[in-house]
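Peer 1: Below is the file model_14.txt, which contains compact mmCIF, C-alpha atoms.
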# COMPACT_ATOMS: atom_id res chain seq x y z
CA MET A 1 5.23 -19.12 -7.02
CA TRP A 2 4.86 -15.38 -6.89
CA THR A 3 1.28 -14.97 -5.76
CA HIS A 4 0.10 -16.26 -2.42
CA LYS A 5 -3.21 -15.45 -0.79
CA SER A 6 -1.65 -14.45 2.52
CA TRP A 7 0.75 -12.02 0.80
CA GLN A 8 -2.00 -10.05 -0.92
CA GLY A 9 -2.57 -6.64 0.60
CA ARG A 10 0.18 -7.31 3.16
CA LEU A 11 3.40 -7.88 1.19
CA LEU A 12 2.04 -7.32 -2.31
CA ALA A 13 -0.52 -4.77 -3.44
CA HIS A 14 -4.03 -6.12 -3.91
CA PRO A 15 -5.78 -6.41 -6.22
CA LEU A 16 -3.17 -6.66 -8.97
CA PRO A 17 -3.69 -7.58 -12.62
CA THR A 18 -1.93 -10.74 -13.78
CA SER A 19 0.52 -8.61 -15.74
CA GLU A 20 1.74 -6.92 -12.53
CA ARG A 21 1.91 -9.72 -9.94
CA LEU A 22 5.38 -11.01 -10.76
CA ARG A 23 6.79 -7.49 -10.97
CA HIS A 24 5.69 -6.86 -7.38
CA TYR A 25 7.12 -10.19 -6.20
CA ALA A 26 10.41 -9.26 -7.92
CA GLY A 27 10.61 -6.28 -5.59
CA TRP A 28 11.02 -8.75 -2.72
CA CYS A 29 13.18 -11.49 -4.23
CA ASP A 30 15.36 -11.81 -7.32
CA ALA A 31 14.65 -15.50 -8.00
CA VAL A 32 11.60 -17.75 -8.14
CA GLU A 33 10.82 -21.44 -8.35
CA GLY A 34 8.69 -22.12 -11.41
CA ASN A 35 6.68 -24.86 -9.76
CA THR A 36 3.48 -24.41 -11.79
CA THR A 37 5.24 -25.55 -14.97
CA PHE A 38 5.26 -29.06 -13.47
CA TYR A 39 1.49 -29.24 -13.89
CA ALA A 40 1.08 -27.51 -17.25
CA THR A 41 3.34 -25.85 -19.78
CA PRO A 42 2.32 -22.20 -20.13
CA THR A 43 1.95 -20.51 -23.47
CA ARG A 44 4.88 -18.66 -24.95
CA ASP A 45 2.89 -15.43 -24.68
CA THR A 46 2.38 -15.98 -20.95
CA VAL A 47 6.10 -16.56 -20.44
CA ALA A 48 6.82 -13.39 -22.42
CA THR A 49 4.85 -11.44 -19.80
CA TRP A 50 7.08 -12.97 -17.11
CA ALA A 51 10.12 -11.64 -18.91
CA GLN A 52 8.51 -8.21 -19.27
CA GLN A 53 7.95 -8.00 -15.51
CA THR A 54 11.51 -8.86 -14.49
CA GLY A 55 15.00 -7.59 -15.15
CA PRO A 56 17.59 -9.60 -17.11
CA ASP A 57 19.33 -10.72 -13.90
CA PHE A 58 16.18 -12.20 -12.35
CA ARG A 59 16.47 -15.99 -11.94
CA PHE A 60 13.78 -18.46 -12.95
CA VAL A 61 14.33 -22.06 -11.89
CA VAL A 62 11.59 -23.74 -13.92
CA LYS A 63 10.45 -27.26 -13.13
CA LEU A 64 10.11 -29.67 -16.05
CA PRO A 65 6.57 -30.96 -16.72
CA LYS A 66 5.47 -34.08 -14.87
CA VAL A 67 4.86 -35.84 -18.18
CA VAL A 68 8.63 -35.66 -18.71
CA THR A 69 9.89 -36.54 -15.23
CA HIS A 70 7.18 -38.63 -13.60
CA GLU A 71 4.98 -40.11 -16.32
CA ARG A 72 7.58 -40.90 -18.99
CA ARG A 73 10.56 -40.85 -16.59
CA LEU A 74 12.82 -38.99 -19.06
CA THR A 75 12.17 -41.50 -21.88
CA ASP A 76 10.51 -40.66 -25.22
CA VAL A 77 10.15 -37.01 -24.25
CA THR A 78 11.34 -35.27 -27.41
CA GLU A 79 8.00 -33.63 -28.19
CA PRO A 80 7.00 -32.45 -24.69
CA MET A 81 10.52 -31.08 -24.21
CA ARG A 82 10.38 -29.28 -27.55
CA VAL A 83 7.09 -27.64 -26.54
CA PHE A 84 8.42 -26.76 -23.09
CA LEU A 85 11.70 -25.24 -24.27
CA ASP A 86 9.90 -23.23 -26.95
CA ALA A 87 7.53 -21.86 -24.32
CA MET A 88 10.42 -20.86 -22.03
CA ALA A 89 12.40 -19.14 -24.80
CA PRO A 90 11.15 -15.59 -24.00
CA LEU A 91 12.89 -15.75 -20.62
CA GLY A 92 16.27 -15.52 -22.31
CA PRO A 93 19.01 -15.07 -19.66
CA ARG A 94 16.41 -15.22 -16.88
CA ALA A 95 16.09 -18.99 -17.40
CA HIS A 96 18.69 -19.75 -14.75
CA ALA A 97 18.11 -23.50 -14.73
CA LEU A 98 15.81 -26.31 -15.82
CA TRP A 99 14.70 -28.05 -12.65
CA VAL A 100 14.55 -31.83 -13.08
CA GLN A 101 12.67 -33.02 -10.00
CA LEU A 102 12.60 -36.82 -10.09
CA PRO A 103 10.16 -39.12 -8.25
CA GLY A 104 11.24 -41.09 -5.21
CA SER A 105 11.12 -44.29 -7.25
CA PHE A 106 13.80 -42.99 -9.64
CA GLY A 107 16.84 -44.80 -8.25
CA PRO A 108 20.43 -45.74 -9.08
CA ASP A 109 19.37 -48.18 -11.81
CA ASP A 110 17.74 -45.25 -13.62
CA VAL A 111 20.85 -43.05 -13.69
CA PRO A 112 21.82 -44.13 -17.26
CA THR A 113 18.42 -42.81 -18.39
CA LEU A 114 19.15 -39.51 -16.66
CA ALA A 115 22.59 -39.38 -18.34
CA ARG A 116 21.04 -39.84 -21.80
CA PHE A 117 18.46 -37.17 -21.09
CA LEU A 118 21.04 -34.64 -19.91
CA ARG A 119 23.23 -35.27 -22.96
CA ARG A 120 20.32 -34.40 -25.23
CA LEU A 121 19.55 -31.04 -23.61
CA PRO A 122 20.56 -28.04 -25.73
CA ALA A 123 23.82 -26.47 -24.67
CA THR A 124 21.94 -23.20 -24.13
CA HIS A 125 20.18 -24.68 -21.11
CA ARG A 126 21.56 -25.74 -17.76
CA ALA A 127 19.98 -28.53 -15.74
CA VAL A 128 19.67 -28.95 -12.00
CA VAL A 129 18.48 -32.28 -10.63
CA GLU A 130 16.57 -33.06 -7.44
CA VAL A 131 16.46 -36.73 -6.42
CA ARG A 132 14.51 -38.33 -3.60
CA HIS A 133 15.48 -42.01 -3.68
CA PRO A 134 17.09 -42.93 -0.32
CA ALA A 135 20.02 -44.74 -1.97
CA PHE A 136 21.39 -41.45 -3.31
CA PHE A 137 21.94 -40.33 0.28
CA THR A 138 22.92 -43.56 2.01
CA GLU A 139 24.84 -45.70 -0.49
CA PRO A 140 28.32 -44.36 -1.46
CA HIS A 141 28.24 -46.12 -4.85
CA ALA A 142 24.92 -44.48 -5.75
CA VAL A 143 26.20 -41.08 -4.62
CA ARG A 144 29.33 -41.40 -6.77
CA LEU A 145 27.31 -42.61 -9.75
CA LEU A 146 24.93 -39.66 -9.62
CA GLU A 147 27.65 -37.10 -8.95
CA THR A 148 29.72 -38.39 -11.88
CA THR A 149 26.70 -38.25 -14.19
CA LEU A 150 25.86 -34.72 -13.15
CA ASP A 151 29.46 -33.58 -13.34
CA GLU A 152 29.78 -34.83 -16.91
CA ALA A 153 26.72 -32.78 -17.86
CA ASP A 154 27.76 -29.70 -15.82
CA ALA A 155 24.49 -30.17 -13.93
CA GLU A 156 23.87 -29.39 -10.28
CA TRP A 157 22.40 -31.59 -7.54
CA VAL A 158 19.64 -29.62 -5.75
CA PRO A 159 19.34 -30.48 -2.05
CA PHE A 160 15.91 -30.17 -0.46
CA ASP A 161 16.72 -29.64 3.20
CA THR A 162 13.80 -30.77 5.38
CA THR A 163 15.87 -31.65 8.44
CA ALA A 164 14.72 -28.63 10.48
CA PHE A 165 11.09 -29.29 9.60
CA PHE A 166 11.16 -32.93 10.70
CA ALA A 167 13.26 -32.32 13.83
CA ASP A 168 10.12 -32.08 16.00
CA PRO A 169 6.44 -33.02 15.58
CA PRO A 170 4.14 -30.53 13.81
CA THR A 171 2.43 -27.81 15.82
CA SER A 172 0.06 -26.20 13.29
CA ASP A 173 -2.44 -27.30 10.66
CA ALA A 174 -0.05 -26.27 7.87
CA GLU A 175 2.77 -28.24 9.46
CA ARG A 176 0.58 -31.30 9.95
CA ASP A 177 -0.40 -31.18 6.28
CA ALA A 178 3.23 -30.78 5.16
CA TRP A 179 4.27 -33.59 7.53
CA THR A 180 2.38 -36.08 5.35
CA LYS A 181 3.50 -34.65 2.01
CA LYS A 182 7.11 -33.46 2.25
CA PRO A 183 9.99 -35.92 1.85
CA ARG A 184 12.34 -36.61 4.76
CA MET A 185 15.58 -35.75 3.04
CA PRO A 186 19.05 -36.13 4.58
CA LEU A 187 21.19 -33.02 4.70
CA ARG A 188 23.50 -32.45 1.72
CA THR A 189 25.67 -29.33 1.41
CA HIS A 190 28.12 -30.27 -1.36
CA ALA A 191 28.02 -28.18 -4.56
CA LEU A 192 29.04 -29.62 -7.92
CA THR A 193 29.02 -26.42 -9.99
CA ASP A 194 29.61 -22.70 -9.62
CA ARG A 195 25.83 -22.08 -9.41
CA PRO A 196 24.42 -24.24 -6.60
CA ILE A 197 20.73 -24.15 -5.74
CA VAL A 198 19.27 -24.98 -2.33
CA ARG A 199 15.66 -25.57 -1.28
CA TYR A 200 15.12 -25.17 2.47
CA LEU A 201 11.95 -25.98 4.41
CA GLY A 202 11.65 -24.39 7.82
CA ARG A 203 8.81 -24.24 10.33
CA ASP A 204 5.85 -21.90 10.77
CA ASP A 205 7.71 -20.62 13.82
CA THR A 206 10.19 -17.97 12.64
CA TYR A 207 12.71 -18.69 15.39
CA ARG A 208 12.88 -22.37 14.44
CA THR A 209 13.19 -21.52 10.75
CA VAL A 210 16.08 -19.14 11.35
CA GLU A 211 17.75 -21.55 13.76
CA GLY A 212 17.55 -24.31 11.16
CA TRP A 213 19.19 -22.32 8.38
CA GLN A 214 22.31 -21.22 10.25
CA HIS A 215 24.46 -23.91 8.64
CA TRP A 216 23.25 -22.66 5.25
CA VAL A 217 24.45 -19.16 6.10
CA ASP A 218 27.91 -20.63 6.69
CA VAL A 219 27.78 -22.70 3.50
CA THR A 220 26.48 -19.82 1.38
CA VAL A 221 29.18 -17.45 2.64
CA ALA A 222 31.82 -20.06 1.85
CA TRP A 223 30.40 -20.59 -1.64
CA LEU A 224 30.40 -16.87 -2.35
CA ARG A 225 33.99 -16.55 -1.16
CA GLU A 226 34.90 -19.37 -3.55
CA GLY A 227 33.42 -17.37 -6.42
CA ARG A 228 30.21 -19.38 -6.73
CA SER A 229 26.80 -17.78 -7.31
CA PRO A 230 24.25 -19.69 -5.20
CA THR A 231 20.46 -19.41 -5.20
CA MET A 232 18.59 -20.06 -1.96
CA PHE A 233 14.86 -20.75 -1.76
CA VAL A 234 13.25 -20.48 1.67
CA HIS A 235 9.94 -22.21 2.39
CA THR A 236 7.74 -22.74 5.42
CA PRO A 237 4.67 -24.99 5.59
CA ASP A 238 2.28 -22.05 5.17
CA ASN A 239 4.72 -19.81 3.22
CA ALA A 240 2.97 -16.81 4.76
CA ASP A 241 6.22 -14.95 5.42
CA ALA A 242 8.48 -16.67 2.89
CA PRO A 243 9.53 -13.45 1.08
CA VAL A 244 10.33 -11.76 4.40
CA LEU A 245 12.33 -14.78 5.53
CA ALA A 246 14.20 -14.97 2.23
CA ARG A 247 15.29 -11.37 2.67
CA ARG A 248 16.29 -12.07 6.25
CA PHE A 249 18.48 -14.95 5.08
CA HIS A 250 20.08 -12.65 2.50
CA ASP A 251 20.66 -10.03 5.20
CA GLU A 252 22.41 -12.59 7.42
CA VAL A 253 24.73 -13.56 4.58
CA ARG A 254 25.35 -9.92 3.67
CA ALA A 255 26.24 -9.12 7.28
CA ARG A 256 29.19 -11.48 6.78
CA LEU A 257 29.88 -10.29 3.22
CA PRO A 258 29.02 -6.58 3.02
CA GLU A 259 30.08 -6.45 -0.62
CA LEU A 260 27.13 -8.69 -1.57
CA THR A 261 24.62 -6.81 -3.71
CA PRO A 262 21.50 -5.89 -1.71
CA LEU A 263 18.09 -7.13 -2.76
CA PRO A 264 15.71 -4.66 -4.45
CA GLU A 265 13.36 -2.52 -2.41
CA PRO A 266 9.80 -3.88 -2.32
CA ILE A 267 7.13 -1.89 -4.09
CA PRO A 268 5.09 -0.17 -1.33
CA VAL A 269 1.69 -1.66 -0.57
CA GLU A 270 -0.67 1.31 -0.71
CA PRO A 271 -3.35 1.34 1.98
CA THR A 272 -6.88 0.75 0.80
CA THR A 273 -8.97 3.94 0.67
CA LEU A 274 -12.64 4.58 0.04
CA PHE A 275 -12.15 7.68 -2.09
What does this structure look like when you write it as structure tokens?
Peer 2:
Amino acid sequence: MWTHKSWQGRLLAHPLPTSERLRHYAGWCDAVEGNTTFYATPTRDTVATWAQQTGPDFRFVVKLPKVVTHERRLTDVTEPMRVFLDAMAPLGPRAHALWVQLPGSFGPDDVPTLARFLRRLPATHRAVVEVRHPAFFTEPHAVRLLETTLDEADAEWVPFDTTAFFADPPTSDAERDAWTKKPRMPLRTHALTDRPIVRYLGRDDTYRTVEGWQHWVDVTVAWLREGRSPTMFVHTPDNADAPVLARRFHDEVRARLPELTPLPEPIPVEPTTLF
């Protein structure tokens, strides 16, 4: 996601042609979740415009199509994966990871299927896996099974931290909507690789969002000191200030590690004029 209605004219210039929207987002953040690829695989030409709008160090974490993960559940997916990987090719080094988000019904008995799928991925691509079945968080055998499978494939386990969001009842329309849709995921802070990825869901209240991510500041600083290169995605139910919050999180980490490279400067939003 790099265009959001509430960002237009406030955080990002508006109107912007399609060929400029990602470039302006990249002035705020140096990574993006490619969530739209879950619903439809874009054309190779479209992806080429994404590459043209971003530098070689920009990170795309692109979600695999639902036909692969949810409809066919990683089985008999040679053709849709071929089409998807061909479409993503223009990203080159920007393709930081292939995001395998699995349905809540994908449980421990399905792990052998995941193992076969990961073994078949080209060595040029790195996978990160998000699971939502409760057993992977509550049953030690299931945790070990999944971690071993991911470790053998040099794949990362992506935690989706919703603990701050579900700590108290919703207080806004956006929160009430998210309350019925977002999974209640236990907290997990263990990284398997040198490039961990975290998805964090806060609240529409900035104070509560910042309060809820403090443990992630500690974890991220520790990862960086260990030589890892983490990617942190910050969400709120309405996402109205997500880019601002992402930069604030980065600033909090950088206050502890001044040598951390600063984020780029946002492209100024020019005021609207009549003449």
Peer 1: Record the distance separating CA of Thr36 (chain A) and CA of His250 (chain A), expressed in Å with one decimal.
Peer 2: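 So the answer is 24.9 Å.
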Peer 1: Using all atoms listed in the file, pick whichever of A:Glu252, A:Gly92, A:Arg184, A:Ala164 has the shortest atom-to-atom distance to Glu211 (chain A).
Peer 2: A:Ala164
Peer 1: Can you work out which one of A:Pro93, A:Pro159, A:Gly212, A:Pro80 has the shortest atom-to-atom distance to Ala191 (chain A), counting only C-alpha atoms?
Peer 2: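 The closest residue to Ala191 (chain A) is A:Pro159.
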Peer 1: List every residue of region 25-62 of chain A that has an atom at most 12 Å from any atom of region 257-271 of chain A, giving for each one its closest atom pair and the distance in Å to one decimal, counting only C-alpha atoms, sorted by chain and then by ascending residue number, as a tab-separated table.
Peer 2:
residue	atom	partner	partner_atom	distance
A:Tyr25	CA	A:Pro266	CA	7.9
A:Ala26	CA	A:Pro266	CA	7.8
A:Gly27	CA	A:Pro266	CA	4.1
A:Trp28	CA	A:Pro266	CA	5.0
A:Cys29	CA	A:Leu263	CA	6.7
A:Asp30	CA	A:Leu263	CA	7.1
A:Ala31	CA	A:Leu263	CA	10.5
A:Thr54	CA	A:Pro264	CA	11.7
A:Gly55	CA	A:Pro264	CA	11.1
A:Asp57	CA	A:Leu263	CA	11.8
A:Phe58	CA	A:Pro264	CA	10.9
Peer 1: Using all atoms listed in the file, determine which residues lie at most 12 Å from region 101-110 of chain A, disregarding the query and same-chain residues fewer than 4 positions distant; provide the list as number ranges by chain.
Peer 2: A: 33-35, 37-38, 61-75, 97, 114-117, 127-147, 149, 156-160, 182-185, 199
Peer 1: Between A:Ala48, A:Ala40, A:Ala174, A:Leu245, which residue has the minimum interatomic distance to Leu91 (chain A), considering all atoms listed in the file?
Peer 2: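 Among the listed residues, A:Ala48 lies closest to Leu91 (chain A).
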Peer 1: Record the distance separating CA of Leu98 (chain A) and CA of His125 (chain A), expressed in Å with one decimal.
Peer 2: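 A separation of 7.1 Å between them.
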Peer 1: Quick one: axis-aligned box around all listed atoms of region 75-86 of chain A, 3 Å on every side, centre and edge lengths in Å to one decimal, written as AutoDock Vina command-line options.
Peer 2:
--center_x 9.6 --center_y -32.4 --center_z -25.0 --size_x 11.2 --size_y 24.3 --size_z 12.3
Peer 1: Please compute the CA of Arg225 (chain A)-CA of Gly202 (chain A) distance, one decimal, in Å.
Peer 2: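 CA of Gly202 (chain A) lies at a distance of 25.3 Å from CA of Arg225 (chain A).
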Peer 1: Using only C-alpha atoms and a cutoff of 7 Å, can you tell me which residues are near (13.2, -23.0, -3.3) in the file's coordinates, and write them out as a ChimeraX atom specification?
Peer 2: /A:33,198-200,232-235
Peer 1: Hey, can you spit out that residue selection with C-alpha atoms as a short mmCIF file (atom, residue, chain, number, x, y, z; two decimals), in the coordinates of the input?
Peer 2:
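Saved file result.cif follows:
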data_model
loop_
_atom_site.label_atom_id
_atom_site.label_comp_id
_atom_site.auth_asym_id
_atom_site.auth_seq_id
_atom_site.Cartn_x
_atom_site.Cartn_y
_atom_site.Cartn_z
CA GLU A 33 10.82 -21.44 -8.35
CA VAL A 198 19.27 -24.98 -2.33
CA ARG A 199 15.66 -25.57 -1.28
CA TYR A 200 15.12 -25.17 2.47
CA MET A 232 18.59 -20.06 -1.96
CA PHE A 233 14.86 -20.75 -1.76
CA VAL A 234 13.25 -20.48 1.67
CA HIS A 235 9.94 -22.21 2.39
#
Peer 1: Which one is closest to Thr220 (chain A): A:Asp177, A:Asp154, A:Asp205, A:Asp194? Count all atoms listed in the file.
Peer 2: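 So, comparing all the options, the nearest one is A:Asp194.
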Peer 1: From (28.3, -31.7, -10.0), in the file's coordinates, out to 6 Å: which residues are reached, counting only C-alpha atoms? Answer as a ChimeraX atom specification.
Peer 2: /A:147,150-151,155-156,192-193
